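Structure file structure12.cif (mmCIF, N, CA, C and O atoms) follows.
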data_target
#
loop_
_atom_site.group_PDB
_atom_site.id
_atom_site.type_symbol
_atom_site.label_atom_id
_atom_site.label_comp_id
_atom_site.auth_asym_id
_atom_site.auth_seq_id
_atom_site.Cartn_x
_atom_site.Cartn_y
_atom_site.Cartn_z
ATOM 1 N N MET A 1478 0.844 -1.178 0.000
ATOM 2 C CA MET A 1478 0.000 0.000 0.000
ATOM 3 C C MET A 1478 0.896 1.249 0.000
ATOM 4 O O MET A 1478 1.802 1.368 0.803
ATOM 5 N N GLU A 1479 0.615 2.157 -0.893
ATOM 6 C CA GLU A 1479 1.400 3.389 -0.990
ATOM 7 C C GLU A 1479 0.782 4.464 -0.115
ATOM 8 O O GLU A 1479 -0.417 4.706 -0.147
ATOM 9 N N ILE A 1480 1.616 5.119 0.682
ATOM 10 C CA ILE A 1480 1.152 6.213 1.526
ATOM 11 C C ILE A 1480 1.547 7.513 0.845
ATOM 12 O O ILE A 1480 2.716 7.748 0.581
ATOM 13 N N TRP A 1481 0.559 8.348 0.554
ATOM 14 C CA TRP A 1481 0.801 9.610 -0.141
ATOM 15 C C TRP A 1481 1.104 10.700 0.870
ATOM 16 O O TRP A 1481 0.446 10.824 1.886
ATOM 17 N N CYS A 1482 2.120 11.480 0.594
ATOM 18 C CA CYS A 1482 2.529 12.552 1.495
ATOM 19 C C CYS A 1482 2.476 13.876 0.750
ATOM 20 O O CYS A 1482 3.004 13.988 -0.356
ATOM 21 N N LEU A 1483 1.863 14.873 1.344
ATOM 22 C CA LEU A 1483 1.778 16.195 0.739
ATOM 23 C C LEU A 1483 3.159 16.751 0.442
ATOM 24 O O LEU A 1483 3.373 17.389 -0.572
ATOM 25 N N GLY A 1484 4.114 16.482 1.312
ATOM 26 C CA GLY A 1484 5.467 16.983 1.143
ATOM 27 C C GLY A 1484 6.118 16.524 -0.155
ATOM 28 O O GLY A 1484 6.973 17.211 -0.701
ATOM 29 N N GLU A 1485 5.716 15.375 -0.663
ATOM 30 C CA GLU A 1485 6.274 14.860 -1.912
ATOM 31 C C GLU A 1485 5.803 15.658 -3.123
ATOM 32 O O GLU A 1485 6.437 15.619 -4.160
ATOM 33 N N ARG A 1486 4.711 16.357 -3.000
ATOM 34 C CA ARG A 1486 4.117 17.092 -4.121
ATOM 35 C C ARG A 1486 4.475 18.568 -4.126
ATOM 36 O O ARG A 1486 4.206 19.271 -5.084
ATOM 37 N N ILE A 1487 5.073 19.057 -3.047
ATOM 38 C CA ILE A 1487 5.402 20.471 -2.925
ATOM 39 C C ILE A 1487 6.699 20.773 -3.660
ATOM 40 O O ILE A 1487 7.715 20.122 -3.437
ATOM 41 N N ILE A 1488 6.654 21.781 -4.524
ATOM 42 C CA ILE A 1488 7.860 22.257 -5.189
ATOM 43 C C ILE A 1488 8.484 23.378 -4.384
ATOM 44 O O ILE A 1488 9.693 23.413 -4.179
ATOM 45 N N SER A 1489 7.646 24.313 -3.907
ATOM 46 C CA SER A 1489 8.168 25.473 -3.203
ATOM 47 C C SER A 1489 7.120 26.045 -2.259
ATOM 48 O O SER A 1489 5.920 25.972 -2.526
ATOM 49 N N ILE A 1490 7.601 26.623 -1.152
ATOM 50 C CA ILE A 1490 6.751 27.360 -0.223
ATOM 51 C C ILE A 1490 7.372 28.745 -0.121
ATOM 52 O O ILE A 1490 8.500 28.884 0.336
ATOM 53 N N ILE A 1491 6.631 29.765 -0.579
ATOM 54 C CA ILE A 1491 7.203 31.105 -0.677
ATOM 55 C C ILE A 1491 6.268 32.157 -0.086
ATOM 56 O O ILE A 1491 5.087 31.916 0.115
ATOM 57 N N SER A 1492 6.824 33.322 0.144
ATOM 58 C CA SER A 1492 6.068 34.464 0.633
ATOM 59 C C SER A 1492 5.409 35.171 -0.556
ATOM 60 O O SER A 1492 5.997 35.241 -1.634
ATOM 61 N N PRO A 1493 4.212 35.717 -0.387
ATOM 62 C CA PRO A 1493 3.484 36.330 -1.508
ATOM 63 C C PRO A 1493 3.801 37.810 -1.731
ATOM 64 O O PRO A 1493 3.077 38.489 -2.439
ATOM 65 N N GLU A 1494 4.870 38.325 -1.160
ATOM 66 C CA GLU A 1494 5.128 39.761 -1.164
ATOM 67 C C GLU A 1494 5.620 40.340 -2.485
ATOM 68 O O GLU A 1494 5.339 41.484 -2.795
ATOM 69 N N SER A 1495 6.364 39.605 -3.292
ATOM 70 C CA SER A 1495 6.969 40.186 -4.492
ATOM 71 C C SER A 1495 5.978 40.279 -5.647
ATOM 72 O O SER A 1495 5.003 39.523 -5.731
ATOM 73 N N ALA A 1496 6.246 41.200 -6.541
ATOM 74 C CA ALA A 1496 5.374 41.416 -7.706
ATOM 75 C C ALA A 1496 5.276 40.173 -8.607
ATOM 76 O O ALA A 1496 4.175 39.845 -9.065
ATOM 77 N N PRO A 1497 6.379 39.462 -8.885
ATOM 78 C CA PRO A 1497 6.249 38.259 -9.722
ATOM 79 C C PRO A 1497 5.355 37.189 -9.105
ATOM 80 O O PRO A 1497 4.594 36.526 -9.819
ATOM 81 N N ILE A 1498 5.402 37.047 -7.782
ATOM 82 C CA ILE A 1498 4.545 36.066 -7.119
ATOM 83 C C ILE A 1498 3.093 36.511 -7.170
ATOM 84 O O ILE A 1498 2.187 35.704 -7.388
ATOM 85 N N LYS A 1499 2.853 37.800 -7.009
ATOM 86 C CA LYS A 1499 1.479 38.321 -7.123
ATOM 87 C C LYS A 1499 0.920 38.082 -8.521
ATOM 88 O O LYS A 1499 -0.255 37.734 -8.683
ATOM 89 N N ARG A 1500 1.759 38.249 -9.554
ATOM 90 C CA ARG A 1500 1.318 37.955 -10.925
ATOM 91 C C ARG A 1500 1.035 36.465 -11.101
ATOM 92 O O ARG A 1500 0.063 36.068 -11.751
ATOM 93 N N MET A 1501 1.883 35.618 -10.503
ATOM 94 C CA MET A 1501 1.683 34.172 -10.575
ATOM 95 C C MET A 1501 0.352 33.781 -9.932
ATOM 96 O O MET A 1501 -0.392 32.950 -10.470
ATOM 97 N N ILE A 1502 0.037 34.404 -8.800
ATOM 98 C CA ILE A 1502 -1.227 34.135 -8.119
ATOM 99 C C ILE A 1502 -2.402 34.560 -8.999
ATOM 100 O O ILE A 1502 -3.379 33.825 -9.142
ATOM 101 N N GLN A 1503 -2.319 35.739 -9.592
ATOM 102 C CA GLN A 1503 -3.404 36.222 -10.447
ATOM 103 C C GLN A 1503 -3.585 35.326 -11.670
ATOM 104 O O GLN A 1503 -4.713 35.011 -12.051
ATOM 105 N N ASP A 1504 -2.483 34.884 -12.272
ATOM 106 C CA ASP A 1504 -2.567 33.961 -13.408
ATOM 107 C C ASP A 1504 -3.231 32.650 -13.001
ATOM 108 O O ASP A 1504 -4.048 32.100 -13.743
ATOM 109 N N ALA A 1505 -2.889 32.153 -11.806
ATOM 110 C CA ALA A 1505 -3.494 30.907 -11.323
ATOM 111 C C ALA A 1505 -4.986 31.091 -11.061
ATOM 112 O O ALA A 1505 -5.783 30.195 -11.342
ATOM 113 N N ARG A 1506 -5.368 32.246 -10.550
ATOM 114 C CA ARG A 1506 -6.798 32.503 -10.345
ATOM 115 C C ARG A 1506 -7.531 32.552 -11.684
ATOM 116 O O ARG A 1506 -8.646 32.027 -11.813
ATOM 117 N N ASP A 1507 -6.903 33.178 -12.674
ATOM 118 C CA ASP A 1507 -7.521 33.288 -13.999
ATOM 119 C C ASP A 1507 -7.700 31.926 -14.659
ATOM 120 O O ASP A 1507 -8.679 31.700 -15.378
ATOM 121 N N THR A 1508 -6.740 31.015 -14.434
ATOM 122 C CA THR A 1508 -6.805 29.685 -15.062
ATOM 123 C C THR A 1508 -7.439 28.642 -14.147
ATOM 124 O O THR A 1508 -7.429 27.453 -14.467
ATOM 125 N N LYS A 1509 -7.960 29.081 -13.005
ATOM 126 C CA LYS A 1509 -8.644 28.209 -12.039
ATOM 127 C C LYS A 1509 -7.726 27.133 -11.458
ATOM 128 O O LYS A 1509 -8.162 26.023 -11.155
ATOM 129 N N THR A 1510 -6.432 27.446 -11.291
ATOM 130 C CA THR A 1510 -5.510 26.503 -10.666
ATOM 131 C C THR A 1510 -5.070 26.982 -9.287
ATOM 132 O O THR A 1510 -4.160 26.398 -8.702
ATOM 133 N N ALA A 1511 -5.721 28.021 -8.771
ATOM 134 C CA ALA A 1511 -5.408 28.531 -7.433
ATOM 135 C C ALA A 1511 -6.405 27.961 -6.427
ATOM 136 O O ALA A 1511 -7.601 27.884 -6.696
ATOM 137 N N VAL A 1512 -5.891 27.537 -5.289
ATOM 138 C CA VAL A 1512 -6.727 27.059 -4.195
ATOM 139 C C VAL A 1512 -6.535 28.031 -3.035
ATOM 140 O O VAL A 1512 -5.443 28.151 -2.492
ATOM 141 N N ASP A 1513 -7.595 28.739 -2.675
ATOM 142 C CA ASP A 1513 -7.522 29.724 -1.595
ATOM 143 C C ASP A 1513 -7.900 29.053 -0.281
ATOM 144 O O ASP A 1513 -9.070 28.794 -0.027
ATOM 145 N N ALA A 1514 -6.904 28.761 0.543
ATOM 146 C CA ALA A 1514 -7.132 28.108 1.829
ATOM 147 C C ALA A 1514 -6.919 29.080 2.982
ATOM 148 O O ALA A 1514 -6.550 28.690 4.081
ATOM 149 N N THR A 1515 -7.168 30.361 2.735
ATOM 150 C CA THR A 1515 -6.935 31.380 3.760
ATOM 151 C C THR A 1515 -8.156 31.620 4.644
ATOM 152 O O THR A 1515 -8.026 32.253 5.685
ATOM 153 N N TYR A 1516 -9.317 31.164 4.239
ATOM 154 C CA TYR A 1516 -10.558 31.407 4.982
ATOM 155 C C TYR A 1516 -10.765 32.887 5.228
ATOM 156 O O TYR A 1516 -11.175 33.310 6.308
ATOM 157 N N GLY A 1517 -10.437 33.723 4.250
ATOM 158 C CA GLY A 1517 -10.655 35.154 4.334
ATOM 159 C C GLY A 1517 -9.571 35.925 5.054
ATOM 160 O O GLY A 1517 -9.643 37.143 5.164
ATOM 161 N N ARG A 1518 -8.566 35.224 5.548
ATOM 162 C CA ARG A 1518 -7.480 35.904 6.248
ATOM 163 C C ARG A 1518 -6.397 36.334 5.252
ATOM 164 O O ARG A 1518 -6.455 36.006 4.074
ATOM 165 N N ARG A 1519 -5.425 37.055 5.747
ATOM 166 C CA ARG A 1519 -4.316 37.541 4.926
ATOM 167 C C ARG A 1519 -3.464 36.363 4.437
ATOM 168 O O ARG A 1519 -3.151 35.460 5.206
ATOM 169 N N THR A 1520 -3.077 36.395 3.161
ATOM 170 C CA THR A 1520 -2.216 35.353 2.602
ATOM 171 C C THR A 1520 -0.789 35.563 3.099
ATOM 172 O O THR A 1520 -0.193 36.604 2.870
ATOM 173 N N ARG A 1521 -0.252 34.555 3.779
ATOM 174 C CA ARG A 1521 1.104 34.648 4.311
ATOM 175 C C ARG A 1521 2.073 33.726 3.598
ATOM 176 O O ARG A 1521 3.280 33.892 3.707
ATOM 177 N N SER A 1522 1.553 32.732 2.875
ATOM 178 C CA SER A 1522 2.441 31.854 2.120
ATOM 179 C C SER A 1522 1.734 31.327 0.884
ATOM 180 O O SER A 1522 0.512 31.250 0.820
ATOM 181 N N VAL A 1523 2.545 30.997 -0.096
ATOM 182 C CA VAL A 1523 2.066 30.443 -1.354
ATOM 183 C C VAL A 1523 2.790 29.111 -1.554
ATOM 184 O O VAL A 1523 4.019 29.048 -1.501
ATOM 185 N N ILE A 1524 2.017 28.055 -1.760
ATOM 186 C CA ILE A 1524 2.589 26.727 -1.954
ATOM 187 C C ILE A 1524 2.448 26.373 -3.424
ATOM 188 O O ILE A 1524 1.339 26.350 -3.961
ATOM 189 N N ILE A 1525 3.576 26.097 -4.077
ATOM 190 C CA ILE A 1525 3.585 25.713 -5.486
ATOM 191 C C ILE A 1525 3.650 24.188 -5.529
ATOM 192 O O ILE A 1525 4.574 23.578 -4.993
ATOM 193 N N MET A 1526 2.675 23.569 -6.185
ATOM 194 C CA MET A 1526 2.605 22.112 -6.259
ATOM 195 C C MET A 1526 3.139 21.612 -7.603
ATOM 196 O O MET A 1526 3.168 22.356 -8.582
ATOM 197 N N ASP A 1527 3.516 20.339 -7.660
ATOM 198 C CA ASP A 1527 4.052 19.775 -8.893
ATOM 199 C C ASP A 1527 2.988 19.631 -9.978
ATOM 200 O O ASP A 1527 3.310 19.480 -11.145
ATOM 201 N N SER A 1528 1.730 19.731 -9.621
ATOM 202 C CA SER A 1528 0.639 19.635 -10.592
ATOM 203 C C SER A 1528 0.361 20.972 -11.277
ATOM 204 O O SER A 1528 -0.477 21.048 -12.163
ATOM 205 N N GLY A 1529 1.054 22.038 -10.829
ATOM 206 C CA GLY A 1529 0.823 23.367 -11.372
ATOM 207 C C GLY A 1529 -0.162 24.181 -10.558
ATOM 208 O O GLY A 1529 -0.370 25.354 -10.831
ATOM 209 N N HIS A 1530 -0.765 23.571 -9.557
ATOM 210 C CA HIS A 1530 -1.685 24.293 -8.688
ATOM 211 C C HIS A 1530 -0.911 25.158 -7.711
ATOM 212 O O HIS A 1530 0.224 24.852 -7.347
ATOM 213 N N ILE A 1531 -1.553 26.231 -7.280
ATOM 214 C CA ILE A 1531 -0.983 27.144 -6.295
ATOM 215 C C ILE A 1531 -1.961 27.210 -5.131
ATOM 216 O O ILE A 1531 -3.153 27.467 -5.324
ATOM 217 N N ILE A 1532 -1.461 26.974 -3.921
ATOM 218 C CA ILE A 1532 -2.292 27.010 -2.732
ATOM 219 C C ILE A 1532 -1.923 28.246 -1.931
ATOM 220 O O ILE A 1532 -0.751 28.463 -1.616
ATOM 221 N N LEU A 1533 -2.929 29.056 -1.615
ATOM 222 C CA LEU A 1533 -2.737 30.257 -0.800
ATOM 223 C C LEU A 1533 -3.090 29.907 0.637
ATOM 224 O O LEU A 1533 -4.151 29.333 0.900
ATOM 225 N N SER A 1534 -2.200 30.243 1.568
ATOM 226 C CA SER A 1534 -2.399 29.879 2.961
ATOM 227 C C SER A 1534 -2.176 31.076 3.871
ATOM 228 O O SER A 1534 -1.371 31.956 3.578
ATOM 229 N N ALA A 1535 -2.865 31.073 5.006
ATOM 230 C CA ALA A 1535 -2.713 32.121 6.006
ATOM 231 C C ALA A 1535 -1.654 31.740 7.042
ATOM 232 O O ALA A 1535 -1.430 32.468 7.993
ATOM 233 N N VAL A 1536 -0.989 30.631 6.836
ATOM 234 C CA VAL A 1536 0.032 30.141 7.758
ATOM 235 C C VAL A 1536 1.411 30.539 7.229
ATOM 236 O O VAL A 1536 1.641 30.544 6.019
ATOM 237 N N GLN A 1537 2.338 30.838 8.139
ATOM 238 C CA GLN A 1537 3.694 31.225 7.757
ATOM 239 C C GLN A 1537 4.392 30.084 7.004
ATOM 240 O O GLN A 1537 4.161 28.913 7.312
ATOM 241 N N PRO A 1538 5.261 30.415 6.022
ATOM 242 C CA PRO A 1538 5.971 29.376 5.263
ATOM 243 C C PRO A 1538 6.780 28.422 6.152
ATOM 244 O O PRO A 1538 6.810 27.218 5.896
ATOM 245 N N GLU A 1539 7.418 28.922 7.197
ATOM 246 C CA GLU A 1539 8.215 28.075 8.084
ATOM 247 C C GLU A 1539 7.345 27.042 8.792
ATOM 248 O O GLU A 1539 7.735 25.884 8.960
ATOM 249 N N THR A 1540 6.158 27.457 9.199
ATOM 250 C CA THR A 1540 5.238 26.551 9.878
ATOM 251 C C THR A 1540 4.781 25.445 8.937
ATOM 252 O O THR A 1540 4.726 24.279 9.324
ATOM 253 N N ILE A 1541 4.476 25.803 7.709
ATOM 254 C CA ILE A 1541 4.050 24.803 6.722
ATOM 255 C C ILE A 1541 5.169 23.810 6.462
ATOM 256 O O ILE A 1541 4.944 22.601 6.404
ATOM 257 N N ALA A 1542 6.387 24.305 6.308
ATOM 258 C CA ALA A 1542 7.527 23.422 6.055
ATOM 259 C C ALA A 1542 7.707 22.439 7.219
ATOM 260 O O ALA A 1542 7.958 21.252 6.994
ATOM 261 N N ASN A 1543 7.550 22.911 8.436
ATOM 262 C CA ASN A 1543 7.672 22.023 9.592
ATOM 263 C C ASN A 1543 6.555 20.999 9.645
ATOM 264 O O ASN A 1543 6.787 19.832 9.946
ATOM 265 N N ARG A 1544 5.338 21.422 9.347
ATOM 266 C CA ARG A 1544 4.193 20.508 9.387
ATOM 267 C C ARG A 1544 4.247 19.479 8.269
ATOM 268 O O ARG A 1544 3.835 18.330 8.451
ATOM 269 N N ALA A 1545 4.708 19.889 7.107
ATOM 270 C CA ALA A 1545 4.796 18.962 5.975
ATOM 271 C C ALA A 1545 6.006 18.056 6.107
ATOM 272 O O ALA A 1545 6.137 17.082 5.380
ATOM 273 N N ASP A 1546 6.915 18.386 7.026
ATOM 274 C CA ASP A 1546 8.147 17.632 7.244
ATOM 275 C C ASP A 1546 8.885 17.443 5.926
ATOM 276 O O ASP A 1546 9.130 16.339 5.469
ATOM 277 N N VAL A 1547 9.225 18.566 5.321
ATOM 278 C CA VAL A 1547 9.855 18.585 4.002
ATOM 279 C C VAL A 1547 11.163 17.811 3.998
ATOM 280 O O VAL A 1547 11.589 17.306 2.974
ATOM 281 N N SER A 1548 11.808 17.642 5.144
ATOM 282 C CA SER A 1548 13.061 16.894 5.201
ATOM 283 C C SER A 1548 12.865 15.426 4.834
ATOM 284 O O SER A 1548 13.808 14.753 4.448
ATOM 285 N N GLN A 1549 11.637 14.923 4.930
ATOM 286 C CA GLN A 1549 11.355 13.524 4.626
ATOM 287 C C GLN A 1549 10.959 13.301 3.178
ATOM 288 O O GLN A 1549 10.662 12.181 2.783
ATOM 289 N N VAL A 1550 10.947 14.349 2.355
ATOM 290 C CA VAL A 1550 10.536 14.225 0.964
ATOM 291 C C VAL A 1550 11.464 13.251 0.246
ATOM 292 O O VAL A 1550 12.673 13.323 0.370
ATOM 293 N N GLY A 1551 10.870 12.345 -0.495
ATOM 294 C CA GLY A 1551 11.650 11.398 -1.274
ATOM 295 C C GLY A 1551 11.895 10.080 -0.576
ATOM 296 O O GLY A 1551 12.261 9.102 -1.202
ATOM 297 N N GLU A 1552 11.706 10.025 0.720
ATOM 298 C CA GLU A 1552 11.881 8.766 1.444
ATOM 299 C C GLU A 1552 10.577 8.002 1.415
ATOM 300 O O GLU A 1552 9.518 8.529 1.677
ATOM 301 N N GLU A 1553 10.669 6.720 1.098
ATOM 302 C CA GLU A 1553 9.482 5.882 1.057
ATOM 303 C C GLU A 1553 9.336 5.160 2.386
ATOM 304 O O GLU A 1553 10.309 4.723 2.990
ATOM 305 N N GLU A 1554 8.096 5.053 2.838
ATOM 306 C CA GLU A 1554 7.835 4.356 4.081
ATOM 307 C C GLU A 1554 7.680 2.867 3.791
ATOM 308 O O GLU A 1554 7.084 2.466 2.809
ATOM 309 N N GLU A 1555 8.250 2.062 4.672
ATOM 310 C CA GLU A 1555 8.148 0.619 4.517
ATOM 311 C C GLU A 1555 7.173 0.080 5.528
ATOM 312 O O GLU A 1555 7.062 0.566 6.625
ATOM 313 N N GLU A 1556 6.462 -0.975 5.139
ATOM 314 C CA GLU A 1556 5.510 -1.591 6.049
ATOM 315 C C GLU A 1556 6.046 -2.914 6.524
ATOM 316 O O GLU A 1556 6.730 -3.603 5.895
#
Is it possible to express this structure as structure tokens?
Amino acid sequence: MEIWCLGERIISIISPESAPIKRMIQDARDTKTAVDATYGRRTRSVIIMDSGHIILSAVQPETIANRADVSQVGEEEEE
């Protein structure tokens, strides 16, 4: 049985402050590949996925990296 991990699908976790990232977010909204997970709060991080989707989050990038345990990316779990 394969266990799927969100960390394996993440390409980058970045701050939304720069103009190029703001344009990337707008392009994703226009093409319907943006997922707004902020629940109306301020966007504090942008998660770029390998599928081309962009996830907007109200959580700090460092917190997301710790929760996703990015250090374990690429390691397969054995049963």
Quick one: pull the distance between atom CA of A:Gly1529 and atom CA of A:Thr1510, Å, one decimal.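 Pair atom CA of A:Gly1529 / atom CA of A:Thr1510 returns 7.1 Å.
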Within 6 Å of A:His1530, counting only C-alpha atoms, which residues qualify if same-chain residues fewer than 2 places away don't, as a VMD selection string? chain A and resid 1510 to 1511 1526 1528
Compare A:Ile1491, A:Pro1497, A:Asp1507, A:Val1512 by their minimum atom-to-atom distance to A:Val1536, counting only N, CA, C and O atoms, and give me the closest one.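 Of A:Ile1491, A:Pro1497, A:Asp1507, A:Val1512, the one nearest A:Val1536, counting only N, CA, C and O atoms, is A:Ile1491.
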Edge lengths and centre in Å, axis-aligned, stretch 1483-1496 of chain A plus 8 Å each side, as lines of an AutoDock Vina configuration file:
center_x = 5.7
center_y = 28.2
center_z = -3.9
size_x = 23.9
size_y = 42.6
size_z = 26.4
Could you spell out the hits of the PyMOL selection byres ((chain A and resi 1537) around 8) on the shown file, as JSON, numbers by chain? {"A": [1490, 1491, 1492, 1519, 1520, 1521, 1522, 1523, 1534, 1535, 1536, 1538, 1539, 1540, 1541, 1542, 1543, 1544]}
Could you tell me how far atom CA of A:Asp1527 sits from atom CA of A:Glu1494, in Å to one decimal place?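 So the answer is 21.5 Å.
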Which value, in Å to one decimal, gives the distance between atom O of A:Met1501 and atom O of A:Ala1545? 23.4 Å
To verify the selection step, state as number ranges by chain which residues the PyMOL selection byres ((chain A and resi 1513) around 6) yields on this input. A: 1511-1512, 1514-1516, 1531-1533
